Amino acid sequence: MAFLVQSLLSDLDRVPAVRIFGRVESVQGLLVEASGLNRTLSVGDRCQIIGRDRRVICETVGFRQGRALLMPFSSLEGIGLGCRVEVVDTNPVLRPHAGWLGRVINAMGEPIDGKGALPVGETSYLVRNKPPPAHSRQRVAGKLDLGVRAMNAFLTVCRGQRMGIFAGSGIGKSSLLSMMARHTNADISVIGLIGERGREAREFIEDDLGPEGLARSVVVVATSDESALLRRQAAYVTMAVAEFFRDGGGEVLCLMDSVTRFAMAQREISLSVGEPPASKGYTPTVFAELPRLLERAGPGGVGQGSITGLFTVLVDGDDHNEPIADAVRGILDGHVVLDRAIAERGRYPAINVLRSVSRTMPACNAQEENDLVGHARRLLAIYDDMAELIRLGAYRRGSDEAVDQAIHFFPALEAFLGQRKEEATDLATSYRMLAEIFLQ
């Protein structure tokens, strides 16, 4: 009850003394043109259109010939010419609270898990916040245990690092994310399901994440049937919640699935306001928004925690050089490639360690750890180069000592890289298991 009263009081404080309104002049597709507000609104401000029997929340996405261009967060049924348009919230904010742990919310910061109202925090966080200044951030330092052997040993992630997980559809991105969310030693996990299938959202939360994973997580969901504005905003809300826990000194693991759907939502918005496409249908604004979103993850300032970001990228047609994958790879601190060929032969997670890299890993590891991983990578690379000849029986054992070693150790390394979803392996155990392979 106290939380509810506090929420009502905070809402009353934000009720404006004067209401400013305009009128709908045109509706074309998902775009509404409103007059009378051009000197009041700025890009990103919120309005509500009052229709016959419903109110539609909109966001200002641009201006044209003295009219404000509005895009709705829901359908435009019941909206027509002359409908009243009111300015309701010119600075969208969230008020996160530690009591949000274990909850599932939507892109508007509202609960959708049927567990009642959310507690309201004291501090407001801008939904579209700016990344922290580079000179005020701490450096990336210290390893983060993700509980996945392939990640811990071959692609060690440091606290405050940002990594991309690149894969086509159906290769196991969501399963890998759920393993890391469930088994990580981070204090809090903030998970953004952007443009997720409605059927899979609940399955991910109940089956993949599980009660123990959800208990220390906040999940933000925007399904694929929701508007482009909601799908884009879900990504911003995910980062805002992560920033709240980071500012409280927590070590936050931020998982977002997927950045590609965020980019698609931004493309849909930009094309609606008439922005010309630049690369494969993606507009310049898409490539401007990607770093603004991804740079919000990372280490915080002095006395703060960090946000370790893992962002999935759905590569179109398994083309890892398509525009979004290429842009994201240039922004982040490393990339994990999931290979369809590995998944087809039944090894999960289907991480191709030879095509993956963690840029901060060498500085975080001890020299003996780097030597161990380097030796394993060389053997895997040698086997990969000779795989066709080995399968055909064209290679004679004894012709090359390095190839003989690769053939000997490959089954054990392949078994090491595979892991069941419910199985967890910590950092120390991962390195010990890898070292024991070479003692055989």
# chains A, B, ... in the order shown; residues from 1 in each chain; ligands from 1
>>> residues_around(residues="stretch 80-95 of chain A", least_positions_apart="4", cutoff="8 Å", atoms="only C-alpha atoms", output="number ranges by chain")
A: 19-27, 34, 41, 44-51, 109, 120-127, 237, 240
>>> write_last_selection(atoms="N, CA, C and O atoms", output="tab-separated table (two decimals), in the first residue's frame")
chain	number	residue	atom	x	y	z
A	19	ARG	N	-2.56	22.44	-19.74
A	19	ARG	CA	-2.56	21.41	-20.77
A	19	ARG	C	-2.54	22.08	-22.15
A	19	ARG	O	-3.35	22.97	-22.42
A	20	ILE	N	-1.61	21.63	-22.98
A	20	ILE	CA	-1.48	22.17	-24.33
A	20	ILE	C	-1.98	21.11	-25.30
A	20	ILE	O	-1.63	19.93	-25.17
A	21	PHE	N	-2.79	21.51	-26.28
A	21	PHE	CA	-3.32	20.51	-27.20
A	21	PHE	C	-3.38	21.06	-28.62
A	21	PHE	O	-3.37	22.27	-28.86
A	22	GLY	N	-3.42	20.12	-29.57
A	22	GLY	CA	-3.58	20.45	-30.98
A	22	GLY	C	-4.63	19.54	-31.59
A	22	GLY	O	-5.43	18.94	-30.87
A	23	ARG	N	-4.63	19.44	-32.94
A	23	ARG	CA	-5.63	18.64	-33.63
A	23	ARG	C	-4.96	17.76	-34.69
A	23	ARG	O	-3.96	18.13	-35.28
A	24	VAL	N	-5.57	16.60	-34.91
A	24	VAL	CA	-5.10	15.70	-35.96
A	24	VAL	C	-5.49	16.28	-37.32
A	24	VAL	O	-6.66	16.59	-37.56
A	25	GLU	N	-4.50	16.43	-38.21
A	25	GLU	CA	-4.73	16.97	-39.54
A	25	GLU	C	-4.63	15.92	-40.64
A	25	GLU	O	-5.19	16.08	-41.70
A	26	SER	N	-3.87	14.84	-40.37
A	26	SER	CA	-3.67	13.83	-41.40
A	26	SER	C	-3.24	12.53	-40.75
A	26	SER	O	-2.53	12.53	-39.73
A	27	VAL	N	-3.70	11.42	-41.32
A	27	VAL	CA	-3.28	10.09	-40.89
A	27	VAL	C	-2.88	9.31	-42.13
A	27	VAL	O	-3.70	9.12	-43.04
A	34	ALA	N	-0.09	16.41	-36.75
A	34	ALA	CA	-0.90	17.22	-35.83
A	34	ALA	C	-0.48	18.68	-35.93
A	34	ALA	O	0.72	18.99	-36.00
A	41	LEU	N	6.37	20.97	-28.93
A	41	LEU	CA	7.00	19.65	-28.92
A	41	LEU	C	8.41	19.69	-29.47
A	41	LEU	O	8.76	20.56	-30.26
A	44	GLY	N	11.00	13.21	-29.72
A	44	GLY	CA	11.07	12.34	-28.55
A	44	GLY	C	10.01	12.61	-27.51
A	44	GLY	O	9.82	11.79	-26.61
A	45	ASP	N	9.31	13.75	-27.60
A	45	ASP	CA	8.27	14.07	-26.63
A	45	ASP	C	7.03	13.21	-26.87
A	45	ASP	O	6.80	12.70	-27.96
A	46	ARG	N	6.21	13.08	-25.83
A	46	ARG	CA	5.03	12.23	-25.87
A	46	ARG	C	3.75	13.06	-25.99
A	46	ARG	O	3.65	14.16	-25.45
A	47	CYS	N	2.77	12.47	-26.68
A	47	CYS	CA	1.42	13.04	-26.78
A	47	CYS	C	0.42	11.93	-26.62
A	47	CYS	O	0.76	10.74	-26.68
A	48	GLN	N	-0.83	12.30	-26.41
A	48	GLN	CA	-1.90	11.32	-26.49
A	48	GLN	C	-3.01	11.88	-27.39
A	48	GLN	O	-3.37	13.05	-27.30
A	49	ILE	N	-3.49	11.03	-28.27
A	49	ILE	CA	-4.59	11.40	-29.16
A	49	ILE	C	-5.88	10.85	-28.55
A	49	ILE	O	-5.97	9.66	-28.23
A	50	ILE	N	-6.85	11.71	-28.40
A	50	ILE	CA	-8.13	11.33	-27.78
A	50	ILE	C	-9.12	11.02	-28.89
A	50	ILE	O	-9.58	11.92	-29.61
A	51	GLY	N	-9.43	9.74	-29.07
A	51	GLY	CA	-10.36	9.32	-30.12
A	51	GLY	C	-11.76	9.19	-29.59
A	51	GLY	O	-12.12	9.73	-28.54
A	109	GLY	N	7.52	0.14	-18.96
A	109	GLY	CA	7.88	0.02	-17.55
A	109	GLY	C	6.73	-0.46	-16.68
A	109	GLY	O	6.75	-0.25	-15.46
A	120	VAL	N	8.04	1.97	-6.66
A	120	VAL	CA	8.55	3.15	-7.36
A	120	VAL	C	9.81	3.64	-6.66
A	120	VAL	O	9.81	3.87	-5.45
A	121	GLY	N	10.88	3.80	-7.41
A	121	GLY	CA	12.13	4.30	-6.85
A	121	GLY	C	12.13	5.81	-6.67
A	121	GLY	O	11.26	6.52	-7.19
A	122	GLU	N	13.13	6.30	-5.97
A	122	GLU	CA	13.21	7.73	-5.69
A	122	GLU	C	13.82	8.52	-6.84
A	122	GLU	O	13.53	9.70	-7.00
A	123	THR	N	14.69	7.88	-7.62
A	123	THR	CA	15.43	8.58	-8.67
A	123	THR	C	14.84	8.29	-10.03
A	123	THR	O	14.52	7.15	-10.35
A	124	SER	N	14.71	9.34	-10.85
A	124	SER	CA	14.22	9.18	-12.21
A	124	SER	C	15.38	8.89	-13.15
A	124	SER	O	16.45	9.50	-13.05
A	125	TYR	N	15.16	7.96	-14.07
A	125	TYR	CA	16.15	7.63	-15.09
A	125	TYR	C	15.53	7.87	-16.46
A	125	TYR	O	14.46	7.36	-16.76
A	126	LEU	N	16.21	8.67	-17.27
A	126	LEU	CA	15.73	8.93	-18.62
A	126	LEU	C	15.71	7.63	-19.41
A	126	LEU	O	16.67	6.85	-19.37
A	127	VAL	N	14.63	7.40	-20.13
A	127	VAL	CA	14.54	6.20	-20.96
A	127	VAL	C	15.62	6.25	-22.05
A	127	VAL	O	16.30	5.26	-22.31
A	237	VAL	N	14.60	0.87	-22.35
A	237	VAL	CA	14.18	0.57	-20.98
A	237	VAL	C	15.11	-0.47	-20.34
A	237	VAL	O	15.47	-0.36	-19.16
A	240	ALA	N	18.09	1.40	-19.21
A	240	ALA	CA	17.79	2.28	-18.08
A	240	ALA	C	17.73	1.49	-16.77
A	240	ALA	O	18.24	1.94	-15.73
>>> residues_around(residues="A:Ala327", least_positions_apart="4", cutoff="10 Å", atoms="only C-alpha atoms", output="PDB file with all heavy atoms, in the first residue's frame")
ATOM      1  N   VAL A 286      19.624   4.572 -38.128  1.00  0.00           N
ATOM      2  CA  VAL A 286      19.871   3.269 -37.500  1.00  0.00           C
ATOM      3  C   VAL A 286      21.317   3.170 -37.044  1.00  0.00           C
ATOM      4  O   VAL A 286      21.619   2.776 -35.907  1.00  0.00           O
ATOM      5  CB  VAL A 286      19.535   2.126 -38.481  1.00  0.00           C
ATOM      6  CG1 VAL A 286      19.954   0.780 -37.890  1.00  0.00           C
ATOM      7  CG2 VAL A 286      18.057   2.122 -38.808  1.00  0.00           C
ATOM      8  N   PHE A 287      22.241   3.555 -37.912  1.00  0.00           N
ATOM      9  CA  PHE A 287      23.664   3.437 -37.589  1.00  0.00           C
ATOM     10  C   PHE A 287      24.110   4.498 -36.590  1.00  0.00           C
ATOM     11  O   PHE A 287      25.146   4.347 -35.954  1.00  0.00           O
ATOM     12  CB  PHE A 287      24.487   3.517 -38.881  1.00  0.00           C
ATOM     13  CG  PHE A 287      24.139   2.424 -39.863  1.00  0.00           C
ATOM     14  CD1 PHE A 287      23.328   2.687 -40.955  1.00  0.00           C
ATOM     15  CD2 PHE A 287      24.583   1.131 -39.663  1.00  0.00           C
ATOM     16  CE1 PHE A 287      22.984   1.685 -41.843  1.00  0.00           C
ATOM     17  CE2 PHE A 287      24.241   0.120 -40.556  1.00  0.00           C
ATOM     18  CZ  PHE A 287      23.438   0.396 -41.644  1.00  0.00           C
ATOM     19  N   LEU A 290      22.681   2.922 -32.986  1.00  0.00           N
ATOM     20  CA  LEU A 290      23.348   1.728 -32.444  1.00  0.00           C
ATOM     21  C   LEU A 290      24.415   2.072 -31.406  1.00  0.00           C
ATOM     22  O   LEU A 290      24.400   1.523 -30.301  1.00  0.00           O
ATOM     23  CB  LEU A 290      23.938   0.895 -33.580  1.00  0.00           C
ATOM     24  CG  LEU A 290      22.942   0.042 -34.370  1.00  0.00           C
ATOM     25  CD1 LEU A 290      23.610  -0.587 -35.585  1.00  0.00           C
ATOM     26  CD2 LEU A 290      22.339  -1.044 -33.485  1.00  0.00           C
ATOM     27  N   PRO A 291      25.376   2.960 -31.690  1.00  0.00           N
ATOM     28  CA  PRO A 291      26.358   3.277 -30.641  1.00  0.00           C
ATOM     29  C   PRO A 291      25.757   3.979 -29.435  1.00  0.00           C
ATOM     30  O   PRO A 291      26.229   3.794 -28.310  1.00  0.00           O
ATOM     31  CB  PRO A 291      27.377   4.170 -31.366  1.00  0.00           C
ATOM     32  CG  PRO A 291      26.682   4.674 -32.569  1.00  0.00           C
ATOM     33  CD  PRO A 291      25.696   3.622 -32.953  1.00  0.00           C
ATOM     34  N   ASN A 321      28.586 -10.478 -42.602  1.00  0.00           N
ATOM     35  CA  ASN A 321      29.060  -9.166 -43.037  1.00  0.00           C
ATOM     36  C   ASN A 321      27.915  -8.266 -43.485  1.00  0.00           C
ATOM     37  O   ASN A 321      28.148  -7.260 -44.146  1.00  0.00           O
ATOM     38  CB  ASN A 321      30.064  -9.333 -44.193  1.00  0.00           C
ATOM     39  CG  ASN A 321      31.342 -10.013 -43.752  1.00  0.00           C
ATOM     40  OD1 ASN A 321      31.882  -9.712 -42.693  1.00  0.00           O
ATOM     41  ND2 ASN A 321      31.817 -10.958 -44.540  1.00  0.00           N
ATOM     42  N   GLU A 322      26.680  -8.631 -43.135  1.00  0.00           N
ATOM     43  CA  GLU A 322      25.553  -7.755 -43.473  1.00  0.00           C
ATOM     44  C   GLU A 322      25.650  -6.478 -42.631  1.00  0.00           C
ATOM     45  O   GLU A 322      26.378  -6.436 -41.634  1.00  0.00           O
ATOM     46  CB  GLU A 322      24.234  -8.496 -43.278  1.00  0.00           C
ATOM     47  CG  GLU A 322      23.999  -9.067 -41.894  1.00  0.00           C
ATOM     48  CD  GLU A 322      23.225  -8.110 -41.018  1.00  0.00           C
ATOM     49  OE1 GLU A 322      22.539  -7.226 -41.550  1.00  0.00           O
ATOM     50  OE2 GLU A 322      23.315  -8.251 -39.800  1.00  0.00           O
ATOM     51  N   PRO A 323      24.958  -5.375 -43.017  1.00  0.00           N
ATOM     52  CA  PRO A 323      25.223  -4.046 -42.440  1.00  0.00           C
ATOM     53  C   PRO A 323      25.146  -3.965 -40.916  1.00  0.00           C
ATOM     54  O   PRO A 323      26.017  -3.363 -40.288  1.00  0.00           O
ATOM     55  CB  PRO A 323      24.158  -3.154 -43.097  1.00  0.00           C
ATOM     56  CG  PRO A 323      23.837  -3.834 -44.373  1.00  0.00           C
ATOM     57  CD  PRO A 323      23.966  -5.297 -44.101  1.00  0.00           C
ATOM     58  N   ILE A 331      31.571  -1.748 -32.957  1.00  0.00           N
ATOM     59  CA  ILE A 331      31.308  -0.980 -31.732  1.00  0.00           C
ATOM     60  C   ILE A 331      31.699  -1.766 -30.481  1.00  0.00           C
ATOM     61  O   ILE A 331      32.216  -1.200 -29.519  1.00  0.00           O
ATOM     62  CB  ILE A 331      29.813  -0.594 -31.665  1.00  0.00           C
ATOM     63  CG1 ILE A 331      29.438   0.313 -32.842  1.00  0.00           C
ATOM     64  CG2 ILE A 331      29.479   0.094 -30.343  1.00  0.00           C
ATOM     65  CD1 ILE A 331      27.941   0.507 -33.004  1.00  0.00           C
ATOM     66  N   LEU A 332      31.467  -3.066 -30.497  1.00  0.00           N
ATOM     67  CA  LEU A 332      31.628  -3.882 -29.289  1.00  0.00           C
ATOM     68  C   LEU A 332      33.070  -4.326 -29.066  1.00  0.00           C
ATOM     69  O   LEU A 332      33.944  -4.126 -29.913  1.00  0.00           O
ATOM     70  CB  LEU A 332      30.700  -5.107 -29.368  1.00  0.00           C
ATOM     71  CG  LEU A 332      29.207  -4.790 -29.493  1.00  0.00           C
ATOM     72  CD1 LEU A 332      28.403  -6.070 -29.577  1.00  0.00           C
ATOM     73  CD2 LEU A 332      28.731  -3.942 -28.313  1.00  0.00           C
TER      74      LEU A 332
END
>>> residues_around(residues="A:Tyr348", least_positions_apart="3", cutoff="9 Å", atoms="only C-alpha atoms", output="PyMOL selection string")
chain A and resi 171-172+176+342-343+351+417-421
>>> write_last_selection(atoms="C-alpha atoms", output="PDB file, in the first residue's frame")
ATOM      1  CA  ILE A 171      21.123 -21.948 -33.775  1.00  0.00           C
ATOM      2  CA  GLY A 172      20.686 -21.475 -30.034  1.00  0.00           C
ATOM      3  CA  LEU A 176      23.002 -19.608 -24.637  1.00  0.00           C
ATOM      4  CA  ILE A 342      28.316 -27.072 -35.493  1.00  0.00           C
ATOM      5  CA  ALA A 343      24.662 -27.014 -34.392  1.00  0.00           C
ATOM      6  CA  ILE A 351      30.201 -21.591 -30.563  1.00  0.00           C
ATOM      7  CA  LEU A 417      33.062 -27.160 -25.746  1.00  0.00           C
ATOM      8  CA  GLY A 418      29.700 -28.930 -25.530  1.00  0.00           C
ATOM      9  CA  GLN A 419      27.552 -28.355 -22.450  1.00  0.00           C
ATOM     10  CA  ARG A 420      24.015 -29.143 -21.344  1.00  0.00           C
ATOM     11  CA  LYS A 421      21.692 -26.253 -20.608  1.00  0.00           C
TER      12      LYS A 421
END
>>> closest_residue(among="A:Arg378, A:Lys173, A:Arg103, A:Arg149", to="A:Leu354", atoms="only C-alpha atoms")
A:Arg378
>>> select_by_dssp(residues="stretch 202-239 of chain A", states="helix (DSSP H, G or I)", output="VMD selection string")
chain A and resid 202 to 214 228 to 239
>>> closest_residue(among="A:Val241, A:Val328, A:Ala107, A:Ile188", to="A:Val315", atoms="only C-alpha atoms")
A:Val328
>>> closest_residue(among="A:Asp318, A:Glu243, A:Glu251, A:Glu436", to="A:Ser169", atoms="only C-alpha atoms")
A:Asp318
>>> residues_around(residues="stretch 425-428 of chain A", least_positions_apart="2", cutoff="9 Å", atoms="only C-alpha atoms", output="compact mmCIF listing (two decimals) with C-alpha atoms, in the first residue's frame")
# COMPACT_ATOMS: atom_id res chain seq x y z
CA LYS A 143 36.68 -11.60 -14.94
CA LEU A 144 32.97 -12.37 -14.99
CA ASP A 145 31.98 -16.01 -14.55
CA LEU A 146 29.26 -16.90 -17.07
CA GLY A 147 29.01 -20.59 -16.15
CA VAL A 148 29.58 -21.71 -19.78
CA ARG A 149 32.87 -23.53 -20.40
CA ASN A 152 34.85 -18.91 -19.65
CA ALA A 153 37.92 -20.56 -21.17
CA THR A 156 36.70 -14.87 -21.12
CA HIS A 183 24.72 -19.61 -14.08
CA THR A 184 26.54 -16.24 -13.96
CA ASN A 185 28.04 -14.89 -10.74
CA GLU A 423 25.03 -27.72 -16.40
CA SER A 430 36.84 -24.46 -16.90
CA TYR A 431 40.58 -23.82 -17.02
CA ARG A 432 41.33 -26.92 -14.96
CA MET A 433 39.26 -29.11 -17.26
>>> residues_around(residues="A:Phe311", least_positions_apart="3", cutoff="8 Å", atoms="only C-alpha atoms", output="list of chain:residue names")
A:Arg162, A:Met163, A:Gly164, A:Ile165, A:Leu255, A:Met256, A:Asp257, A:Ser258, A:Val259
>>> residues_around(residues="stretch 361-376 of chain A", least_positions_apart="3", cutoff="9 Å", atoms="only C-alpha atoms", output="number ranges by chain")
A: 140-143, 153-158, 357-358, 379-381, 406, 409, 413, 431, 434-435, 438
